[in-house]
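Coordinates from structure.cif are shown below (mmCIF, C-alpha atoms).
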data_run
#
loop_
_atom_site.group_PDB
_atom_site.id
_atom_site.type_symbol
_atom_site.label_atom_id
_atom_site.label_comp_id
_atom_site.auth_asym_id
_atom_site.auth_seq_id
_atom_site.Cartn_x
_atom_site.Cartn_y
_atom_site.Cartn_z
ATOM 1 C CA ALA A 1 31.563 -46.539 46.652
ATOM 2 C CA LEU A 2 29.847 -45.903 43.358
ATOM 3 C CA SER A 3 29.482 -42.256 42.440
ATOM 4 C CA ARG A 4 26.202 -40.982 41.020
ATOM 5 C CA PRO A 5 26.508 -40.199 37.273
ATOM 6 C CA ARG A 6 26.579 -36.501 36.593
ATOM 7 C CA ALA A 7 23.455 -35.158 34.875
ATOM 8 C CA THR A 8 23.889 -33.983 31.312
ATOM 9 C CA ARG A 9 23.998 -30.216 31.128
ATOM 10 C CA LEU A 10 21.043 -28.962 29.117
ATOM 11 C CA PRO A 11 21.342 -25.830 26.930
ATOM 12 C CA CYS A 12 18.705 -24.090 29.053
ATOM 13 C CA ALA A 13 21.114 -24.118 31.997
ATOM 14 C CA GLU A 14 22.498 -21.017 30.277
ATOM 15 C CA TRP A 15 19.572 -19.043 31.725
ATOM 16 C CA TRP A 16 19.523 -21.037 35.000
ATOM 17 C CA CYS A 17 16.550 -23.221 34.102
ATOM 18 C CA ARG A 18 16.333 -26.232 36.448
ATOM 19 C CA CYS A 19 14.059 -28.378 34.291
ATOM 20 C CA GLY A 20 16.564 -31.222 34.301
ATOM 21 C CA ASP A 21 16.143 -31.570 38.083
ATOM 22 C CA GLN A 22 12.349 -31.490 38.149
ATOM 23 C CA ARG A 23 11.863 -35.227 38.013
ATOM 24 C CA GLU A 24 14.041 -35.803 41.100
ATOM 25 C CA ASN A 25 13.124 -32.628 42.993
ATOM 26 C CA TYR A 26 9.458 -32.261 42.075
ATOM 27 C CA PRO A 27 7.941 -30.194 44.939
ATOM 28 C CA TYR A 28 4.286 -31.172 44.517
ATOM 29 C CA ARG A 29 3.873 -34.770 45.662
ATOM 30 C CA ALA A 30 0.324 -34.251 46.942
ATOM 31 C CA SER A 31 -2.480 -31.675 46.692
ATOM 32 C CA VAL A 32 -1.567 -30.206 50.078
ATOM 33 C CA ASP A 33 1.923 -29.333 48.789
ATOM 34 C CA TYR A 34 0.399 -27.197 46.039
ATOM 35 C CA HIS A 35 -2.101 -25.655 48.479
ATOM 36 C CA LYS A 36 0.779 -24.439 50.630
ATOM 37 C CA SER A 37 2.912 -23.012 47.816
ATOM 38 C CA HIS A 38 0.429 -21.294 45.479
ATOM 39 C CA PRO A 39 -0.964 -18.053 47.057
ATOM 40 C CA ALA A 40 -4.385 -18.124 45.369
ATOM 41 C CA VAL A 41 -4.927 -21.856 45.905
ATOM 42 C CA LYS A 42 -3.711 -21.504 49.481
ATOM 43 C CA ALA A 43 -6.347 -18.820 50.145
ATOM 44 C CA ILE A 44 -9.093 -20.954 48.563
ATOM 45 C CA ALA A 45 -8.005 -24.014 50.574
ATOM 46 C CA ALA A 46 -8.103 -21.974 53.796
ATOM 47 C CA TRP A 47 -11.593 -20.669 52.973
ATOM 48 C CA CYS A 48 -12.820 -24.204 52.229
ATOM 49 C CA LYS A 49 -11.405 -25.472 55.510
ATOM 50 C CA HIS A 50 -13.087 -22.620 57.422
ATOM 51 C CA ALA A 51 -16.402 -23.381 55.700
ATOM 52 C CA GLY A 52 -16.118 -27.080 56.452
ATOM 53 C CA ARG A 53 -15.600 -28.046 52.848
ATOM 54 C CA SER A 54 -12.975 -30.130 51.150
ATOM 55 C CA PRO A 55 -10.072 -28.144 49.664
ATOM 56 C CA PRO A 56 -9.820 -27.991 45.857
ATOM 57 C CA GLU A 57 -8.384 -31.119 44.316
ATOM 58 C CA VAL A 58 -5.138 -30.698 42.455
ATOM 59 C CA ARG A 59 -4.710 -33.246 39.693
ATOM 60 C CA GLN A 60 -1.224 -34.544 39.232
ATOM 61 C CA ALA A 61 0.265 -34.348 35.742
ATOM 62 C CA PRO A 62 1.554 -37.593 34.212
ATOM 63 C CA SER A 63 5.066 -36.142 34.351
ATOM 64 C CA PRO A 64 6.710 -33.136 36.008
ATOM 65 C CA CYS A 65 8.267 -32.404 32.607
ATOM 66 C CA GLY A 66 6.781 -31.432 29.252
ATOM 67 C CA TYR A 67 3.991 -29.295 30.692
ATOM 68 C CA ARG A 68 4.726 -25.983 28.953
ATOM 69 C CA THR A 69 2.444 -25.454 25.948
ATOM 70 C CA ARG A 70 3.383 -21.839 25.211
ATOM 71 C CA GLY A 71 6.815 -20.450 24.573
ATOM 72 C CA LYS A 72 8.099 -16.986 23.727
ATOM 73 C CA PHE A 73 11.536 -17.150 22.134
ATOM 74 C CA ALA A 74 14.093 -14.655 20.939
ATOM 75 C CA VAL A 75 15.716 -14.932 17.511
ATOM 76 C CA GLY A 76 19.346 -13.951 17.060
ATOM 77 C CA PRO A 77 22.535 -14.655 15.104
ATOM 78 C CA SER A 78 24.638 -17.721 15.819
ATOM 79 C CA ASN A 79 28.126 -17.477 17.294
ATOM 80 C CA GLN A 80 29.467 -19.340 14.271
ATOM 81 C CA SER A 81 27.963 -17.052 11.634
ATOM 82 C CA GLU A 82 26.003 -13.816 11.674
ATOM 83 C CA LYS A 83 23.848 -15.207 8.864
ATOM 84 C CA SER A 84 22.894 -18.335 10.842
ATOM 85 C CA THR A 85 19.821 -18.085 13.029
ATOM 86 C CA VAL A 86 19.273 -19.318 16.586
ATOM 87 C CA VAL A 87 15.807 -19.562 18.163
ATOM 88 C CA GLY A 88 15.894 -19.721 21.958
ATOM 89 C CA LEU A 89 16.318 -17.568 25.049
ATOM 90 C CA PHE A 90 18.905 -15.048 26.165
ATOM 91 C CA ARG A 91 21.921 -16.342 28.022
ATOM 92 C CA ARG A 92 21.741 -14.999 31.555
ATOM 93 C CA GLY A 93 23.278 -11.523 31.773
ATOM 94 C CA SER A 94 23.645 -11.061 28.021
ATOM 95 C CA TRP A 95 21.784 -10.538 24.742
ATOM 96 C CA GLN A 96 23.178 -13.725 23.215
ATOM 97 C CA VAL A 97 20.458 -16.157 22.116
ATOM 98 C CA VAL A 98 21.060 -19.833 22.959
ATOM 99 C CA PRO A 99 18.912 -22.771 21.760
ATOM 100 C CA ALA A 100 15.856 -23.659 23.866
ATOM 101 C CA GLU A 101 14.622 -26.849 22.242
ATOM 102 C CA GLY A 102 16.363 -29.024 24.855
ATOM 103 C CA CYS A 103 14.361 -27.592 27.761
ATOM 104 C CA ALA A 104 12.525 -30.477 29.476
ATOM 105 C CA SER A 105 9.654 -28.182 30.498
ATOM 106 C CA ASN A 106 8.487 -27.790 26.890
ATOM 107 C CA HIS A 107 5.722 -30.076 25.626
ATOM 108 C CA PRO A 108 6.995 -32.578 22.991
ATOM 109 C CA ASP A 109 4.713 -31.063 20.315
ATOM 110 C CA LEU A 110 6.120 -27.626 21.111
ATOM 111 C CA VAL A 111 9.648 -28.989 20.795
ATOM 112 C CA SER A 112 8.769 -30.603 17.457
ATOM 113 C CA ALA A 113 7.383 -27.324 16.094
ATOM 114 C CA LEU A 114 10.405 -25.408 17.391
ATOM 115 C CA ARG A 115 12.775 -27.817 15.657
ATOM 116 C CA GLN A 116 10.788 -27.552 12.454
ATOM 117 C CA LEU A 117 10.972 -23.758 12.590
ATOM 118 C CA GLN A 118 14.713 -23.897 13.254
ATOM 119 C CA TRP A 119 15.224 -26.272 10.315
ATOM 120 C CA MET A 120 13.306 -23.949 7.978
ATOM 121 C CA LEU A 121 15.308 -20.935 9.092
ATOM 122 C CA ASP A 122 18.486 -22.914 8.405
ATOM 123 C CA GLN A 123 17.232 -23.526 4.864
ATOM 124 C CA LEU A 124 16.644 -19.788 4.454
ATOM 125 C CA GLN A 125 20.076 -18.777 5.744
ATOM 126 C CA GLY A 126 21.070 -15.526 4.072
ATOM 127 C CA THR A 127 17.457 -14.754 3.123
ATOM 128 C CA VAL A 128 15.795 -14.330 6.516
ATOM 129 C CA LYS A 129 18.024 -12.201 8.707
ATOM 130 C CA PRO A 130 18.075 -12.765 12.498
ATOM 131 C CA TYR A 131 17.763 -9.658 14.651
ATOM 132 C CA ASP A 132 20.952 -8.687 16.493
ATOM 133 C CA HIS A 133 19.806 -7.811 20.022
ATOM 134 C CA SER A 134 23.369 -7.057 21.124
ATOM 135 C CA ALA A 135 23.972 -4.353 18.520
ATOM 136 C CA VAL A 136 24.643 -0.837 19.781
ATOM 137 C CA ALA A 137 21.333 1.075 20.088
ATOM 138 C CA SER A 138 19.525 -1.987 18.722
ATOM 139 C CA TRP A 139 16.129 -0.492 19.577
ATOM 140 C CA HIS A 140 16.688 2.065 16.812
ATOM 141 C CA ILE A 141 17.432 -0.530 14.134
ATOM 142 C CA ARG A 142 14.689 -0.784 11.511
ATOM 143 C CA ASP A 143 16.356 -3.332 9.224
ATOM 144 C CA GLU A 144 14.162 -6.217 8.145
ATOM 145 C CA ALA A 145 14.788 -9.152 10.485
ATOM 146 C CA LEU A 146 13.011 -11.817 12.517
ATOM 147 C CA ARG A 147 13.056 -10.597 16.106
ATOM 148 C CA TYR A 148 10.938 -12.930 18.259
ATOM 149 C CA VAL A 149 8.565 -15.874 17.852
ATOM 150 C CA GLU A 150 5.786 -17.205 20.048
ATOM 151 C CA LEU A 151 4.496 -20.780 19.850
ATOM 152 C CA THR A 152 1.226 -21.840 21.468
ATOM 153 C CA MET A 153 0.110 -25.457 21.334
ATOM 154 C CA GLU A 154 -3.574 -26.379 21.110
ATOM 155 C CA ARG A 155 -3.989 -29.343 23.463
ATOM 156 C CA SER A 156 -6.922 -30.900 21.614
ATOM 157 C CA THR A 157 -5.051 -31.221 18.298
ATOM 158 C CA GLY A 158 -1.361 -30.824 19.105
ATOM 159 C CA LEU A 159 -1.147 -28.107 16.446
ATOM 160 C CA VAL A 160 0.865 -24.977 17.170
ATOM 161 C CA GLN A 161 -0.052 -21.364 16.557
ATOM 162 C CA LEU A 162 3.030 -19.462 15.409
ATOM 163 C CA VAL A 163 3.475 -15.712 15.855
ATOM 164 C CA LEU A 164 6.376 -14.019 14.061
ATOM 165 C CA VAL A 165 7.555 -10.659 15.404
ATOM 166 C CA TRP A 166 9.122 -8.958 12.402
ATOM 167 C CA ASN A 167 11.427 -5.973 12.727
ATOM 168 C CA GLY A 168 10.780 -3.163 10.285
ATOM 169 C CA ARG A 169 7.944 -1.078 8.944
ATOM 170 C CA ARG A 170 5.203 -2.520 6.779
ATOM 171 C CA GLU A 171 4.708 -0.606 3.555
ATOM 172 C CA GLY A 172 1.289 -1.098 1.974
ATOM 173 C CA SER A 173 -0.353 -4.510 1.740
ATOM 174 C CA SER A 174 2.680 -6.478 0.528
ATOM 175 C CA PHE A 175 5.276 -8.204 2.684
ATOM 176 C CA PRO A 176 9.067 -7.843 2.351
ATOM 177 C CA MET A 177 10.552 -10.529 0.112
ATOM 178 C CA SER A 178 12.434 -12.249 2.963
ATOM 179 C CA LEU A 179 9.318 -12.449 5.145
ATOM 180 C CA GLN A 180 7.226 -13.703 2.239
ATOM 181 C CA ARG A 181 9.810 -16.429 1.562
ATOM 182 C CA LEU A 182 9.588 -17.507 5.184
ATOM 183 C CA LEU A 183 5.777 -17.612 5.118
ATOM 184 C CA ASP A 184 5.782 -19.578 1.857
ATOM 185 C CA THR A 185 8.178 -22.090 3.415
ATOM 186 C CA LEU A 186 6.191 -22.402 6.634
ATOM 187 C CA TRP A 187 2.819 -22.638 4.888
ATOM 188 C CA PRO A 188 3.289 -23.794 1.276
ATOM 189 C CA SER A 189 0.424 -23.211 -1.125
ATOM 190 C CA GLU A 190 1.084 -26.406 -3.087
ATOM 191 C CA GLN A 191 -1.017 -29.226 -1.672
ATOM 192 C CA ALA A 192 1.740 -31.732 -2.403
ATOM 193 C CA HIS A 193 4.091 -29.995 0.043
ATOM 194 C CA LYS A 194 1.645 -29.454 2.884
ATOM 195 C CA SER A 195 2.012 -32.980 4.233
ATOM 196 C CA HIS A 196 5.524 -32.067 5.388
ATOM 197 C CA TYR A 197 4.341 -29.111 7.465
ATOM 198 C CA LEU A 198 1.596 -30.383 9.731
ATOM 199 C CA SER A 199 2.701 -28.618 12.916
ATOM 200 C CA TRP A 200 0.962 -25.290 12.354
ATOM 201 C CA HIS A 201 -2.518 -24.355 13.484
ATOM 202 C CA SER A 202 -2.117 -20.817 12.144
ATOM 203 C CA ILE A 203 0.621 -18.253 11.493
ATOM 204 C CA TRP A 204 0.447 -14.590 12.494
ATOM 205 C CA VAL A 205 2.813 -11.677 11.858
ATOM 206 C CA HIS A 206 3.317 -8.789 14.274
ATOM 207 C CA TRP A 207 5.316 -5.775 13.151
ATOM 208 C CA ARG A 208 7.825 -3.949 15.302
ATOM 209 C CA ASP A 209 8.336 -0.588 13.564
#
For this file, produce the structure as structure tokens.
Amino acid sequence: ALSRPRATRLPCAEWWCRCGDQRENYPYRASVDYHKSHPAVKAIAAWCKHAGRSPPEVRQAPSPCGYRTRGKFAVGPSNQSEKSTVVGLFRRGSWQVVPAEGCASNHPDLVSALRQLQWMLDQLQGTVKPYDHSAVASWHIRDEALRYVELTMERSTGLVQLVLVWNGRREGSSFPMSLQRLLDTLWPSEQAHKSHYLSWHSIWVHWRD
């Protein structure tokens, strides 16, 4: 008998994400399946039935994958080098950050923006420091470092709003040199370079001091 080929292990399996199985094990084949599983929709469907009305229609997405348009990701050092940066999620049961771009739940435009951000951080290796979440008493560390990022895709344009969570205290109106270098790389002022960075809707900086 032929054995079924084993599914490729995605990086997000490190935090027990099951996105790779969604296409085969998608639980919502019809509206009634969603009515039964979602508490609020279930209550609305029951009220509609009691009132003699049709339950709310649930529109099926084109694919059970690629639906996530917002992602909050941790930033940490790579296993290979403390100066290298990894953008992703924490491995289950640890503070180690593992890549998240392979997660099938993420929208393709979100994945593209995440890869672009990762590429830029690779270019700035040694300039932009990743935050070490596993360091002893890390919550007391005030060294300048990129701690978290949040990406939110605008469905109408496919552009992504980027929020940088920067570790350290802001002094006056100027930015630290490493953060300014990152912003200049993400959003270049020269018109000639902007064509290479079309992913961003806007870029925001939040300070963690």
Report as a tab-separated table (two decimals) with C-alpha atoms, in the frame of the given file the full result of the PyMOL selection byres ((chain A and resi 155) around 12) when it is applied to this structure.
chain	number	residue	atom	x	y	z
A	67	TYR	CA	3.99	-29.30	30.69
A	68	ARG	CA	4.73	-25.98	28.95
A	69	THR	CA	2.44	-25.45	25.95
A	70	ARG	CA	3.38	-21.84	25.21
A	107	HIS	CA	5.72	-30.08	25.63
A	108	PRO	CA	7.00	-32.58	22.99
A	109	ASP	CA	4.71	-31.06	20.32
A	110	LEU	CA	6.12	-27.63	21.11
A	152	THR	CA	1.23	-21.84	21.47
A	153	MET	CA	0.11	-25.46	21.33
A	154	GLU	CA	-3.57	-26.38	21.11
A	156	SER	CA	-6.92	-30.90	21.61
A	157	THR	CA	-5.05	-31.22	18.30
A	158	GLY	CA	-1.36	-30.82	19.10
A	159	LEU	CA	-1.15	-28.11	16.45
A	160	VAL	CA	0.86	-24.98	17.17
A	161	GLN	CA	-0.05	-21.36	16.56
A	201	HIS	CA	-2.52	-24.36	13.48
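The residue that comes closest to Pro130 of chain A, out of A:Arg208, A:Arg170, A:Arg147, A:Lys42 and on the basis of only C-alpha atoms, is A:Arg147.
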Problem - Given all atoms listed in the file as the counted atoms, nearest of A:Ser134, A:Ser63, A:Ser84, A:Gln123 to Ser105 of chain A - result: A:Ser63
Exercise for the section: Just say which residues the PyMOL selection byres ((chain A and resi 119-121) around 12) picks in this file, as number ranges by chain. Expected result: A: 75-78, 83-87, 101, 112-118, 122-130, 145-146, 178-179, 181-187, 196-197
Handout entry: Atom-to-atom span, atom CA of Cys65 of chain A and atom CA of Ala43 of chain A, Å
Key = 26.6 Å
Problem - Between atom CA of Gly71 of chain A and atom CA of Met177 of chain A, distance in Å (one decimal) - result: 26.7 Å
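For the pair atom CA of Ala100 of chain A and atom CA of Phe73 of chain A, the interatomic distance is 8.0 Å.
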